[in-house]
Amino acid sequence: MNAKKILIIEDDLALGKTLRNVLKINDYEVDLAESGAEGIQKAYEYCPDLILCDINMKPIDGYQVYNILKDSALTSRIPFIFITGRSQLNDIRFGLELGVDDYIVKPFDNQDLLKSIKVRLEKYEKLVNIGKNDYKALLNLSPNGVFVFDGETIYETNQAFLNLLGLSEAEVKKISFNQLISDKEYQKVENKIMKCANGLLGNFREEIELKTASGTKEKFVLHVSPSQKYNGFTLLIGLLAPKEQEGESAQLEYKKLVNILEEEKIYISGNLANKLHQAFDASVSHSPHQQSTSTMVAKSVFSKREQEVLNLSCKGLPIKIIADQLSISDRTVEKHRASLMEKTGAKNIVEVIIYALKNDLVEI
């Protein structure tokens, strides 16, 4: 079993090193950040299983660190524990109202800290396993072959992928991806796979020929996109779709997938929405009568309030007026706009508006 990774954000270097030593002795993998800014950066790079964070830091304090990480789909679910010298009830209540998982007051007993960490990690592990089960169930509903790999080793597949190749899950894990197709076909995608794994290519599609379980050679469209980063290497998601499934049938499959997600109340993050968009939209040539999958992606992942903020933003209204019209705070408007930027991959609200207008997401 791999050691759980914990990120300590503490500007008191002596205390930070002491905590790191205590956790390492108890078989945790630990990284230490000496400021709020460094902690935010390492939270994205290190992908910890839990974060311990001091509150009283400058210029970015623990509350600001928590709010920034909570607003990102990449870090929002990481268990977060405040460590602080503030013992006032109002301070503790404020931290808990933000949504932080626990609040430990200095000085504290190491065993109390270790117990809190253990409880939070176990709770998080249960949530992750529930998510994985939902994700696997969703993948197994697809008639296309879906697999997770690092460019070579295949770590996970859906049932359609196994049926396609006529292999068991154990057999697939013993062979590398390049062994599943001919040398000639692998040469067509090898360079692109390497670029995806190294962050030099966002995604790609390529037609390949594959020997199926029936012994016949059939043409497929291979879609590959980066998934998650793990300490120096990137996991990729691959999707094999029969070539004749391109066009309208791919649109129908996407619609079914979105409907299932909505019925089961499964939240789609911005990253997953983009991957679905890439997988289904790359092979489809739109007609005036077809609704683009980018439109369906947006409508399936934007909340009702985000759509309202988007509509008013497209009318050129400033944050203050949007807040007044929707009876919410300026900060809440800013959060919704930040979420819209994350979900559409935009760098600013102007790009979000352009995206919305191009995909007919608003009526001006």
# chains A, B, ... in the order shown; residues from 1 in each chain; ligands from 1
$ residues_around --residues "Glu34 (chain A)" --least-positions-apart "4" --cutoff "8 Å" --atoms "only C-alpha atoms" --output "count of residues only"
8
$ select_by_dssp --residues "region 8-76 of chain A" --states "strand (DSSP E or B)" --output "PyMOL selection string"
chain A and resi 8-9+29-33+50-54
$ write_last_selection --atoms "C-alpha atoms" --output "mmCIF file, in the first residue's frame"
data_model
loop_
_atom_site.group_PDB
_atom_site.id
_atom_site.type_symbol
_atom_site.label_atom_id
_atom_site.label_comp_id
_atom_site.auth_asym_id
_atom_site.auth_seq_id
_atom_site.Cartn_x
_atom_site.Cartn_y
_atom_site.Cartn_z
ATOM 1 C CA ILE A 8 2.344 20.893 5.635
ATOM 2 C CA ILE A 9 1.950 24.670 5.112
ATOM 3 C CA GLU A 29 5.092 10.846 2.862
ATOM 4 C CA VAL A 30 5.500 14.539 3.667
ATOM 5 C CA ASP A 31 6.269 17.793 1.869
ATOM 6 C CA LEU A 32 6.711 21.159 3.591
ATOM 7 C CA ALA A 33 5.796 24.627 2.312
ATOM 8 C CA LEU A 50 -4.332 15.754 3.124
ATOM 9 C CA ILE A 51 -3.212 19.314 3.943
ATOM 10 C CA LEU A 52 -2.128 20.671 7.341
ATOM 11 C CA CYS A 53 -2.089 24.473 7.274
ATOM 12 C CA ASP A 54 -1.230 27.204 9.774
#
$ residues_around --residues "region 59-71 of chain A" --least-positions-apart "3" --cutoff "7 Å" --atoms "only C-alpha atoms" --output "list in words"
Gly36, Ala37, Ile40, Cys53, Asp54, Ile55, Asn56, Thr75 and Ser76 of chain A
$ write_last_selection --atoms "C-alpha atoms" --output "PDB file, in the first residue's frame"
ATOM      1  CA  GLY A  36       0.838  30.355   1.869  1.00  0.00           C
ATOM      2  CA  ALA A  37       1.881  31.045  -1.731  1.00  0.00           C
ATOM      3  CA  ILE A  40      -0.885  26.722  -2.959  1.00  0.00           C
ATOM      4  CA  CYS A  53      -2.089  24.473   7.274  1.00  0.00           C
ATOM      5  CA  ASP A  54      -1.230  27.204   9.774  1.00  0.00           C
ATOM      6  CA  ILE A  55      -3.626  30.150   9.840  1.00  0.00           C
ATOM      7  CA  ASN A  56      -1.460  33.049  11.014  1.00  0.00           C
ATOM      8  CA  THR A  75      -7.890  20.565  -4.895  1.00  0.00           C
ATOM      9  CA  SER A  76     -11.366  21.194  -3.475  1.00  0.00           C
TER      10      SER A  76
END
$ atom_distance --atom1 "CA of Phe108 (chain A)" --atom2 "CA of Pro48 (chain A)"
22.7 Å
$ select_by_dssp --residues "region 15-202 of chain A" --states "alpha helix (DSSP H)" --output "PyMOL selection string"
chain A and resi 15-25+36-46+62-70+89-98+110-139+159-165+169-173+183-197
